[in-house]
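> protein-v4.pdb is reproduced in full below (PDB, C-alpha atoms, pLDDT in the B column).
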ATOM      1  CA  MET A 571      21.123   0.467  -3.777  1.00 58.00           C
ATOM      2  CA  TRP A 572      19.193  -2.674  -4.675  1.00 69.00           C
ATOM      3  CA  LEU A 573      18.367  -3.363  -0.996  1.00 78.00           C
ATOM      4  CA  TRP A 574      15.530  -0.827  -1.215  1.00 83.00           C
ATOM      5  CA  ALA A 575      13.833  -3.209  -3.645  1.00 85.00           C
ATOM      6  CA  LEU A 576      13.345  -5.600  -0.727  1.00 90.00           C
ATOM      7  CA  LEU A 577      10.931  -3.189   0.971  1.00 92.00           C
ATOM      8  CA  PRO A 578       7.964  -3.557  -1.421  1.00 94.00           C
ATOM      9  CA  ILE A 579       8.751  -7.251  -1.868  1.00 93.00           C
ATOM     10  CA  SER A 580       8.684  -7.703   1.905  1.00 94.00           C
ATOM     11  CA  LEU A 581       5.275  -6.022   2.127  1.00 95.00           C
ATOM     12  CA  ALA A 582       3.848  -8.201  -0.635  1.00 95.00           C
ATOM     13  CA  LEU A 583       5.203 -11.438   0.820  1.00 96.00           C
ATOM     14  CA  PHE A 584       4.451 -10.614   4.457  1.00 96.00           C
ATOM     15  CA  GLY A 585       0.905  -9.485   3.692  1.00 95.00           C
ATOM     16  CA  THR A 586       0.164 -12.535   1.537  1.00 95.00           C
ATOM     17  CA  VAL A 587       1.523 -15.055   4.036  1.00 96.00           C
ATOM     18  CA  GLY A 588      -0.112 -13.159   6.900  1.00 94.00           C
ATOM     19  CA  ILE A 589      -3.709 -13.081   5.700  1.00 94.00           C
ATOM     20  CA  TRP A 590      -3.603 -16.665   4.425  1.00 95.00           C
ATOM     21  CA  SER A 591      -2.259 -17.701   7.836  1.00 94.00           C
ATOM     22  CA  VAL A 592      -5.255 -16.005   9.438  1.00 94.00           C
ATOM     23  CA  PHE A 593      -7.501 -17.889   7.025  1.00 94.00           C
ATOM     24  CA  ALA A 594      -5.822 -21.207   7.889  1.00 94.00           C
ATOM     25  CA  ILE A 595      -6.202 -20.619  11.630  1.00 93.00           C
ATOM     26  CA  ALA A 596      -9.860 -19.617  11.228  1.00 92.00           C
ATOM     27  CA  VAL A 597     -10.634 -22.763   9.247  1.00 92.00           C
ATOM     28  CA  THR A 598      -8.660 -24.987  11.621  1.00 91.00           C
ATOM     29  CA  ASN A 599     -10.359 -23.811  14.812  1.00 90.00           C
ATOM     30  CA  GLY A 600     -13.810 -23.748  13.218  1.00 87.00           C
ATOM     31  CA  SER A 601     -14.314 -19.983  13.311  1.00 87.00           C
ATOM     32  CA  VAL A 602     -15.369 -20.173   9.669  1.00 88.00           C
ATOM     33  CA  ASN A 603     -16.939 -23.013   7.730  1.00 87.00           C
ATOM     34  CA  ILE A 604     -15.909 -22.968   4.097  1.00 87.00           C
ATOM     35  CA  THR A 605     -18.535 -25.591   3.243  1.00 85.00           C
ATOM     36  CA  GLU A 606     -21.203 -22.963   3.914  1.00 87.00           C
ATOM     37  CA  GLY A 607     -19.495 -20.311   1.807  1.00 87.00           C
ATOM     38  CA  PHE A 608     -16.150 -18.654   1.283  1.00 92.00           C
ATOM     39  CA  PRO A 609     -15.459 -16.077   4.034  1.00 92.00           C
ATOM     40  CA  TYR A 610     -14.352 -12.465   3.775  1.00 92.00           C
ATOM     41  CA  ILE A 611     -10.855 -11.706   4.998  1.00 91.00           C
ATOM     42  CA  SER A 612     -12.290  -9.573   7.796  1.00 89.00           C
ATOM     43  CA  TYR A 613     -14.620 -12.382   8.869  1.00 89.00           C
ATOM     44  CA  CYS A 614     -11.651 -14.726   9.228  1.00 90.00           C
ATOM     45  CA  GLY A 615      -9.884 -12.201  11.443  1.00 87.00           C
ATOM     46  CA  THR A 616     -12.785 -11.161  13.639  1.00 86.00           C
ATOM     47  CA  TYR A 617     -12.589 -13.999  16.176  1.00 85.00           C
ATOM     48  CA  ASN A 618      -9.936 -14.886  18.751  1.00 84.00           C
ATOM     49  CA  PRO A 619      -7.152 -15.908  18.640  1.00 86.00           C
ATOM     50  CA  GLN A 620      -6.588 -14.995  14.968  1.00 87.00           C
ATOM     51  CA  SER A 621      -8.052 -11.506  15.488  1.00 89.00           C
ATOM     52  CA  CYS A 622      -4.888 -10.519  17.396  1.00 90.00           C
ATOM     53  CA  LEU A 623      -2.701 -11.766  14.558  1.00 92.00           C
ATOM     54  CA  PHE A 624      -4.900 -10.055  11.968  1.00 93.00           C
ATOM     55  CA  SER A 625      -4.571  -6.701  13.748  1.00 93.00           C
ATOM     56  CA  GLN A 626      -0.790  -6.947  13.923  1.00 94.00           C
ATOM     57  CA  ILE A 627      -0.523  -7.951  10.256  1.00 95.00           C
ATOM     58  CA  CYS A 628      -2.630  -4.951   9.228  1.00 94.00           C
ATOM     59  CA  ASN A 629      -0.581  -2.593  11.428  1.00 95.00           C
ATOM     60  CA  ILE A 630       2.742  -3.786  10.013  1.00 96.00           C
ATOM     61  CA  CYS A 631       1.432  -3.647   6.441  1.00 96.00           C
ATOM     62  CA  SER A 632       0.148  -0.128   7.110  1.00 96.00           C
ATOM     63  CA  VAL A 633       3.588   1.059   8.287  1.00 96.00           C
ATOM     64  CA  LEU A 634       5.379  -0.590   5.360  1.00 96.00           C
ATOM     65  CA  ALA A 635       2.866   0.867   2.904  1.00 96.00           C
ATOM     66  CA  LEU A 636       3.327   4.370   4.348  1.00 95.00           C
ATOM     67  CA  TRP A 637       7.087   3.991   4.046  1.00 94.00           C
ATOM     68  CA  ILE A 638       6.791   2.917   0.414  1.00 95.00           C
ATOM     69  CA  VAL A 639       4.389   5.772  -0.405  1.00 95.00           C
ATOM     70  CA  VAL A 640       6.783   8.385   1.015  1.00 94.00           C
ATOM     71  CA  ILE A 641       9.853   6.949  -0.735  1.00 92.00           C
ATOM     72  CA  ARG A 642       8.046   6.715  -4.068  1.00 92.00           C
ATOM     73  CA  PHE A 643       6.819  10.302  -3.701  1.00 92.00           C
ATOM     74  CA  GLN A 644      10.343  11.570  -3.114  1.00 89.00           C
ATOM     75  CA  GLN A 645      11.746   9.402  -5.893  1.00 87.00           C
ATOM     76  CA  VAL A 646       9.329  10.932  -8.403  1.00 88.00           C
ATOM     77  CA  ARG A 647      10.282  14.421  -7.138  1.00 88.00           C
ATOM     78  CA  ASP A 648      13.952  13.639  -7.674  1.00 83.00           C
ATOM     79  CA  TYR A 649      13.144  12.748 -11.255  1.00 80.00           C
ATOM     80  CA  GLY A 650      12.023  16.372 -11.575  1.00 77.00           C
ATOM     81  CA  ASP A 651       8.265  15.857 -11.349  1.00 69.00           C
ATOM     82  CA  HIS A 652       6.786  18.389  -8.906  1.00 72.00           C
ATOM     83  CA  GLY A 653       3.284  18.260 -10.345  1.00 81.00           C
ATOM     84  CA  ARG A 654      -0.082  17.808  -8.704  1.00 90.00           C
ATOM     85  CA  ALA A 655      -0.281  14.147  -9.650  1.00 91.00           C
ATOM     86  CA  ASN A 656       2.620  13.307  -7.368  1.00 91.00           C
ATOM     87  CA  VAL A 657       1.134  15.346  -4.528  1.00 93.00           C
ATOM     88  CA  ALA A 658      -2.194  13.599  -5.050  1.00 94.00           C
ATOM     89  CA  SER A 659      -0.418  10.244  -4.946  1.00 94.00           C
ATOM     90  CA  ILE A 660       1.055  10.786  -1.489  1.00 94.00           C
ATOM     91  CA  ILE A 661      -2.310  11.981  -0.144  1.00 95.00           C
ATOM     92  CA  LEU A 662      -4.134   8.973  -1.581  1.00 96.00           C
ATOM     93  CA  GLY A 663      -1.357   6.687  -0.398  1.00 95.00           C
ATOM     94  CA  PHE A 664      -1.544   8.014   3.151  1.00 96.00           C
ATOM     95  CA  ILE A 665      -5.325   7.598   3.260  1.00 96.00           C
ATOM     96  CA  SER A 666      -5.313   4.033   1.972  1.00 95.00           C
ATOM     97  CA  SER A 667      -2.337   3.007   4.138  1.00 95.00           C
ATOM     98  CA  ILE A 668      -3.860   4.336   7.354  1.00 95.00           C
ATOM     99  CA  ALA A 669      -7.159   2.717   6.375  1.00 95.00           C
ATOM    100  CA  ILE A 670      -5.404  -0.672   6.429  1.00 94.00           C
ATOM    101  CA  SER A 671      -4.664  -0.193  10.121  1.00 93.00           C
ATOM    102  CA  ILE A 672      -8.222   0.991  10.791  1.00 93.00           C
ATOM    103  CA  THR A 673      -9.614  -2.103   9.086  1.00 92.00           C
ATOM    104  CA  GLY A 674      -7.496  -4.433  11.185  1.00 89.00           C
ATOM    105  CA  ASN A 675      -8.029  -2.756  14.553  1.00 89.00           C
ATOM    106  CA  PHE A 676     -11.769  -2.064  14.332  1.00 88.00           C
ATOM    107  CA  GLN A 677     -13.106  -5.589  14.041  1.00 81.00           C
ATOM    108  CA  GLN A 678     -16.160  -6.323  11.939  1.00 78.00           C
ATOM    109  CA  SER A 679     -17.986  -7.923  14.855  1.00 75.00           C
ATOM    110  CA  VAL A 680     -17.268  -5.007  17.206  1.00 78.00           C
ATOM    111  CA  VAL A 681     -17.361  -1.726  15.257  1.00 83.00           C
ATOM    112  CA  ARG A 682     -18.840  -2.703  11.903  1.00 85.00           C
ATOM    113  CA  THR A 683     -19.368   0.822  10.510  1.00 89.00           C
ATOM    114  CA  VAL A 684     -15.794   1.966  11.127  1.00 91.00           C
ATOM    115  CA  HIS A 685     -14.483  -1.330   9.798  1.00 90.00           C
ATOM    116  CA  ILE A 686     -16.438  -0.989   6.549  1.00 90.00           C
ATOM    117  CA  ILE A 687     -15.278   2.616   6.092  1.00 93.00           C
ATOM    118  CA  GLY A 688     -11.674   1.533   6.618  1.00 92.00           C
ATOM    119  CA  ALA A 689     -12.013  -1.327   4.129  1.00 91.00           C
ATOM    120  CA  PHE A 690     -13.615   0.982   1.562  1.00 92.00           C
ATOM    121  CA  LEU A 691     -10.788   3.506   1.839  1.00 94.00           C
ATOM    122  CA  ALA A 692      -8.112   0.807   1.796  1.00 94.00           C
ATOM    123  CA  PHE A 693      -9.490  -0.872  -1.324  1.00 93.00           C
ATOM    124  CA  PHE A 694     -10.980   1.840  -3.489  1.00 93.00           C
ATOM    125  CA  VAL A 695      -8.667   4.730  -2.579  1.00 95.00           C
ATOM    126  CA  GLY A 696      -5.778   2.294  -2.866  1.00 94.00           C
ATOM    127  CA  VAL A 697      -6.802   1.367  -6.409  1.00 95.00           C
ATOM    128  CA  ILE A 698      -6.990   5.062  -7.333  1.00 96.00           C
ATOM    129  CA  TYR A 699      -3.501   5.527  -5.864  1.00 96.00           C
ATOM    130  CA  PHE A 700      -2.093   2.878  -8.180  1.00 96.00           C
ATOM    131  CA  TRP A 701      -3.818   4.404 -11.208  1.00 96.00           C
ATOM    132  CA  VAL A 702      -1.995   7.647 -10.369  1.00 95.00           C
ATOM    133  CA  GLN A 703       1.230   5.661 -10.073  1.00 94.00           C
ATOM    134  CA  LEU A 704       0.587   4.228 -13.529  1.00 93.00           C
ATOM    135  CA  TYR A 705       0.294   7.776 -14.850  1.00 92.00           C
ATOM    136  CA  LEU A 706       3.526   8.754 -13.090  1.00 91.00           C
ATOM    137  CA  THR A 707       5.281   5.696 -14.537  1.00 88.00           C
ATOM    138  CA  TYR A 708       5.072   7.229 -17.997  1.00 85.00           C
ATOM    139  CA  ARG A 709       5.400  10.861 -16.906  1.00 82.00           C
ATOM    140  CA  THR A 710       8.617  10.691 -14.872  1.00 76.00           C
ATOM    141  CA  GLY A 711      12.136  10.336 -16.207  1.00 65.00           C
ATOM    142  CA  PRO A 712      13.077   7.442 -18.475  1.00 61.00           C
ATOM    143  CA  SER A 713      13.681   4.066 -16.877  1.00 67.00           C
ATOM    144  CA  GLN A 714      14.997   0.845 -18.338  1.00 73.00           C
ATOM    145  CA  ASP A 715      12.218  -1.063 -16.572  1.00 75.00           C
ATOM    146  CA  ARG A 716       9.348   0.999 -17.944  1.00 76.00           C
ATOM    147  CA  PHE A 717       8.805  -1.266 -20.948  1.00 81.00           C
ATOM    148  CA  TRP A 718       7.532  -4.062 -18.665  1.00 88.00           C
ATOM    149  CA  VAL A 719       6.593  -2.258 -15.421  1.00 88.00           C
ATOM    150  CA  GLY A 720       4.101  -0.013 -17.231  1.00 89.00           C
ATOM    151  CA  PRO A 721       2.119  -2.819 -18.903  1.00 92.00           C
ATOM    152  CA  ALA A 722       2.255  -4.965 -15.752  1.00 94.00           C
ATOM    153  CA  ARG A 723       0.997  -2.086 -13.606  1.00 94.00           C
ATOM    154  CA  ALA A 724      -1.711  -1.241 -16.144  1.00 95.00           C
ATOM    155  CA  THR A 725      -2.880  -4.867 -16.209  1.00 96.00           C
ATOM    156  CA  CYS A 726      -3.045  -5.104 -12.413  1.00 96.00           C
ATOM    157  CA  CYS A 727      -4.832  -1.741 -12.110  1.00 96.00           C
ATOM    158  CA  THR A 728      -7.405  -2.772 -14.698  1.00 97.00           C
ATOM    159  CA  LEU A 729      -8.008  -6.105 -12.979  1.00 97.00           C
ATOM    160  CA  CYS A 730      -8.260  -4.388  -9.580  1.00 96.00           C
ATOM    161  CA  THR A 731     -10.881  -1.984 -10.890  1.00 96.00           C
ATOM    162  CA  LEU A 732     -12.945  -4.738 -12.521  1.00 96.00           C
ATOM    163  CA  VAL A 733     -12.746  -7.010  -9.472  1.00 96.00           C
ATOM    164  CA  ALA A 734     -13.660  -4.150  -7.104  1.00 94.00           C
ATOM    165  CA  ILE A 735     -16.739  -3.293  -9.181  1.00 95.00           C
ATOM    166  CA  ILE A 736     -17.792  -6.948  -9.445  1.00 95.00           C
ATOM    167  CA  MET A 737     -17.281  -7.388  -5.702  1.00 94.00           C
ATOM    168  CA  ALA A 738     -19.517  -4.406  -4.915  1.00 92.00           C
ATOM    169  CA  VAL A 739     -22.246  -5.604  -7.305  1.00 95.00           C
ATOM    170  CA  LEU A 740     -22.192  -9.153  -5.936  1.00 94.00           C
ATOM    171  CA  GLN A 741     -22.371  -7.855  -2.385  1.00 90.00           C
ATOM    172  CA  LEU A 742     -25.408  -5.716  -3.209  1.00 91.00           C
ATOM    173  CA  MET A 743     -27.070  -8.684  -4.921  1.00 92.00           C
ATOM    174  CA  GLY A 744     -26.528 -10.883  -1.886  1.00 87.00           C
ATOM    175  CA  TYR A 745     -23.882 -13.210  -3.349  1.00 92.00           C
ATOM    176  CA  THR A 746     -21.606 -12.852  -0.346  1.00 91.00           C
ATOM    177  CA  SER A 747     -19.474 -15.926  -1.006  1.00 92.00           C
ATOM    178  CA  ALA A 748     -18.635 -14.822  -4.553  1.00 94.00           C
ATOM    179  CA  ALA A 749     -18.014 -11.286  -3.303  1.00 94.00           C
ATOM    180  CA  ALA A 750     -15.615 -12.675  -0.696  1.00 94.00           C
ATOM    181  CA  VAL A 751     -13.648 -14.490  -3.400  1.00 95.00           C
ATOM    182  CA  CYS A 752     -13.382 -11.194  -5.275  1.00 95.00           C
ATOM    183  CA  GLU A 753     -12.085  -9.524  -2.116  1.00 95.00           C
ATOM    184  CA  TRP A 754      -9.275 -12.074  -1.781  1.00 96.00           C
ATOM    185  CA  ILE A 755      -8.369 -11.646  -5.446  1.00 96.00           C
ATOM    186  CA  LEU A 756      -8.386  -7.862  -5.055  1.00 96.00           C
ATOM    187  CA  VAL A 757      -6.035  -7.979  -2.078  1.00 96.00           C
ATOM    188  CA  MET A 758      -3.641 -10.291  -3.912  1.00 96.00           C
ATOM    189  CA  LEU A 759      -3.582  -7.897  -6.868  1.00 96.00           C
ATOM    190  CA  ILE A 760      -2.876  -4.940  -4.572  1.00 96.00           C
ATOM    191  CA  PHE A 761       0.060  -6.826  -3.052  1.00 96.00           C
ATOM    192  CA  CYS A 762       1.328  -7.460  -6.580  1.00 96.00           C
ATOM    193  CA  LEU A 763       1.095  -3.728  -7.317  1.00 95.00           C
ATOM    194  CA  PHE A 764       3.123  -2.929  -4.218  1.00 95.00           C
ATOM    195  CA  GLY A 765       5.661  -5.559  -5.239  1.00 94.00           C
ATOM    196  CA  LEU A 766       6.137  -3.864  -8.616  1.00 93.00           C
ATOM    197  CA  PHE A 767       7.719  -0.888  -6.843  1.00 93.00           C
ATOM    198  CA  ALA A 768      10.793  -3.094  -6.432  1.00 91.00           C
ATOM    199  CA  ALA A 769      11.639  -2.378 -10.074  1.00 88.00           C
ATOM    200  CA  GLU A 770      11.860   1.366  -9.367  1.00 86.00           C
ATOM    201  CA  PHE A 771      13.279   1.121  -5.857  1.00 86.00           C
ATOM    202  CA  ARG A 772      16.314  -0.889  -6.971  1.00 84.00           C
ATOM    203  CA  HIS A 773      17.571   2.290  -8.680  1.00 76.00           C
ATOM    204  CA  ILE A 774      17.604   4.311  -5.462  1.00 79.00           C
ATOM    205  CA  ASP A 775      21.180   5.300  -4.699  1.00 72.00           C
ATOM    206  CA  CYS A 776      20.845   6.827  -1.230  1.00 60.00           C
ATOM    207  CA  HIS A 777      18.262   7.969   1.247  1.00 49.00           C
ATOM    208  CA  HIS A 778      19.186  10.043   4.282  1.00 51.00           C
ATOM    209  CA  LEU A 779      18.048  12.863   6.557  1.00 46.00           C
ATOM    210  CA  THR A 780      20.445  15.537   7.804  1.00 50.00           C
ATOM    211  CA  VAL A 781      19.979  18.201  10.471  1.00 51.00           C
ATOM    212  CA  GLN A 782      22.245  21.236  10.630  1.00 54.00           C
ATOM    213  CA  LYS A 783      22.364  24.205  13.020  1.00 53.00           C
ATOM    214  CA  ARG A 784      22.888  27.634  11.592  1.00 53.00           C
ATOM    215  CA  ALA A 785      25.527  29.796  13.244  1.00 46.00           C
ATOM    216  CA  LEU A 786      24.090  32.218  15.758  1.00 43.00           C
ATOM    217  CA  SER A 787      24.571  35.872  14.890  1.00 47.00           C
ATOM    218  CA  LYS A 788      25.917  38.155  17.602  1.00 46.00           C
ATOM    219  CA  ASP A 789      22.749  40.200  17.865  1.00 47.00           C
ATOM    220  CA  SER A 790      20.405  37.205  17.655  1.00 47.00           C
ATOM    221  CA  SER A 791      18.614  36.095  20.779  1.00 46.00           C
ATOM    222  CA  SER A 792      17.869  32.569  19.585  1.00 44.00           C
ATOM    223  CA  GLY A 793      19.111  30.187  16.991  1.00 43.00           C
ATOM    224  CA  SER A 794      17.292  28.575  14.151  1.00 41.00           C
ATOM    225  CA  VAL A 795      17.429  25.052  12.889  1.00 40.00           C
ATOM    226  CA  LEU A 796      17.564  24.102   9.284  1.00 38.00           C
ATOM    227  CA  ILE A 797      16.194  20.691   8.484  1.00 38.00           C
ATOM    228  CA  ASN A 798      17.123  19.257   5.169  1.00 42.00           C
ATOM    229  CA  SER A 799      14.369  17.023   3.902  1.00 42.00           C
ATOM    230  CA  TYR A 800      14.741  13.653   2.244  1.00 41.00           C
ATOM    231  CA  VAL A 801      17.461  13.249  -0.316  1.00 41.00           C
ATOM    232  CA  LEU A 802      16.787  10.492  -2.772  1.00 42.00           C
ATOM    233  CA  ASN A 803      19.350  10.242  -5.536  1.00 45.00           C
ATOM    234  CA  THR A 804      18.009   7.932  -8.162  1.00 43.00           C
ATOM    235  CA  VAL A 805      19.706   6.498 -11.180  1.00 43.00           C
ATOM    236  CA  SER A 806      17.879   5.486 -14.285  1.00 43.00           C
TER     237      SER A 806
END
Let's see the structure in the file written out as structure tokens.


Amino acid sequence: MWLWALLPISLALFGTVGIWSVFAIAVTNGSVNITEGFPYISYCGTYNPQSCLFSQICNICSVLALWIVVIRFQQVRDYGDHGRANVASIILGFISSIAISITGNFQQSVVRTVHIIGAFLAFFVGVIYFWVQLYLTYRTGPSQDRFWVGPARATCCTLCTLVAIIMAVLQLMGYTSAAAVCEWILVMLIFCLFGLFAAEFRHIDCHHLTVQKRALSKDSSSGSVLINSYVLNTVS
């Protein structure tokens, strides 16, 4: 069902439009002055009224990212891959996705330490998650999109890693404006990586959860419930 491809595309588009909207509002109301230096994303979203919008954007992106992480995990399992790499991917994905919400709700000007921890987990753990996804791209079952998804994902992962390292170095050296530019580039690349899941998600055939009750035996005092987990039938 190709409609599932709209999920990662929606995250990429919504996140991109959302954070640039926060930037536009911050510049318009004078919360940031771009003539003095380019601001961090968090700095744009730390003042009212755009702080409220920034928090909601991060929360929605966090939920969408969690949804994508779970679906991709199950999709890889349905291809027959039950290895540790796939398990590691869902753990890393959960950490980075929840960190997005932490970053948006613990404002830089209010709880700086928690905000920085959330941003670190969202960025760096998120990059590691996509490197694992690159590995799974070539490990799972054959796909007609692999010939271009693999190189595209590898390119974005490489750029993300380089930009993240440069951003950290510039920040330590005191070049905050240049580091902020790197942060914006990094976020845009991460949205692109999420968007690439559309190529795999368009092959998802169905996705449903069923709950069935087992028949009670005559000598049983209580029943038991069997919960069938996700069923994701994928087609190559």

> Give as a list of chain:residue names the residues that the PyMOL selection byres ((chain A and resi 734-747) around 8) matches when applied to the coordinates above.

A:Gly607, A:Phe608, A:Pro609, A:Tyr610, A:Phe693, A:Phe694, A:Cys730, A:Thr731, A:Leu732, A:Val733, A:Ala748, A:Ala749, A:Ala750, A:Val751, A:Cys752, A:Glu753, A:Leu756

> Can you measure atom CA of Val592 of chain A to atom CA of Cys726 of chain A for me? One decimal in Å is fine.

24.5 Å

> Just give me the gap between atom CA of Trp637 of chain A and atom CA of Trp574 of chain A in Å, one decimal is fine.

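Straight-line distance from atom CA of Trp637 of chain A to atom CA of Trp574 of chain A works out to 11.1 Å.
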
> Name all residues at most 8 Å from segment 599-604 of chain A (count all atoms listed in the file; drop same-chain ones fewer than 5 positions away) and give them as a list in words.

Pro609, Tyr613, Cys614 and Tyr617 of chain A

> Which one of A:Trp754, A:Glu770, A:Thr683, A:Val695 sits closest to Thr707 of chain A if you count all atoms listed in the file?

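Of all the options, A:Glu770 lies closest to Thr707 of chain A.
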
> List the spatial neighbours of Pro578 of chain A as a list in words - criterion: any atom at most 6 Å away, only C-alpha atoms, same-chain residues fewer than 4 positions off excluded.

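Near Pro578 of chain A, the qualifying residues are Phe764, Gly765 and Ala768 of chain A.
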
> Padding 4 Å on every side, please: axis-aligned box over the listed atoms of segment 728-741 of chain A, centre and edge lengths to one decimal in Å, as lines of an AutoDock Vina configuration file.


center_x = -14.9
center_y = -5.6
center_z = -8.5
size_x = 23.0
size_y = 15.2
size_z = 20.3

> Choose the residue, out of A:Thr710, A:Leu634, A:Gln645, A:Val681, that has the smallest atom-to-atom separation from Phe771 of chain A; count only C-alpha atoms.

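Counting only C-alpha atoms, the residue closest to Phe771 of chain A is A:Gln645.
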
> Is it possible to get the residues within 12 Å of (-1.9, 7.9, 6.1) (coordinates as in the file, counting all atoms listed in the file) written as a list in words?

Asn629, Ser632, Val633, Leu634, Ala635, Leu636, Trp637, Ile638, Val639, Val640, Ser659, Ile660, Ile661, Leu662, Gly663, Phe664, Ile665, Ser666, Ser667, Ile668, Ala669, Ile670, Ser671, Ile672, Gly688, Leu691, Ala692, Val695 and Gly696 of chain A

> Between A:Leu623, A:Ala769, A:Leu729, A:Leu573, which is the closest to Trp590 of chain A once you count all atoms listed in the file?

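Among the listed residues, A:Leu623 lies closest to Trp590 of chain A.
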
> Please report, as CSV, each residue of segment 723-750 of chain A lying at most 12 Å from segment 703-706 of chain A, together with the nearest pair of atoms and the separation in Å rounded to one decimal; use only C-alpha atoms, and order rows by chain and ascending residue number.


residue,atom,partner,partner_atom,distance
A:Arg723,CA,A:Leu704,CA,6.3
A:Ala724,CA,A:Leu704,CA,6.5
A:Thr725,CA,A:Leu704,CA,10.1
A:Cys726,CA,A:Leu704,CA,10.1
A:Cys727,CA,A:Leu704,CA,8.2
A:Thr728,CA,A:Leu704,CA,10.7

> Name the closest residue to Gly653 of chain A among the candidates A:Arg682, A:Arg709, A:Arg772, A:Arg716; distances are taken between atoms, counting all atoms listed in the file.

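Answer, going by the shortest atom-to-atom distance: A:Arg709.
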
> Do you know which residues are at most 8 Å from Gln678 of chain A counting all atoms listed in the file, after dropping those on the same chain fewer than 6 positions away, and could you put them as an MDAnalysis selection string?

chainID A and resid 612:613 616 685:686

> Quick check, in Å to one decimal: how far apart do atom CA of Asn656 of chain A and atom CA of Phe643 of chain A lie?

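These atoms are spaced 6.3 Å apart.
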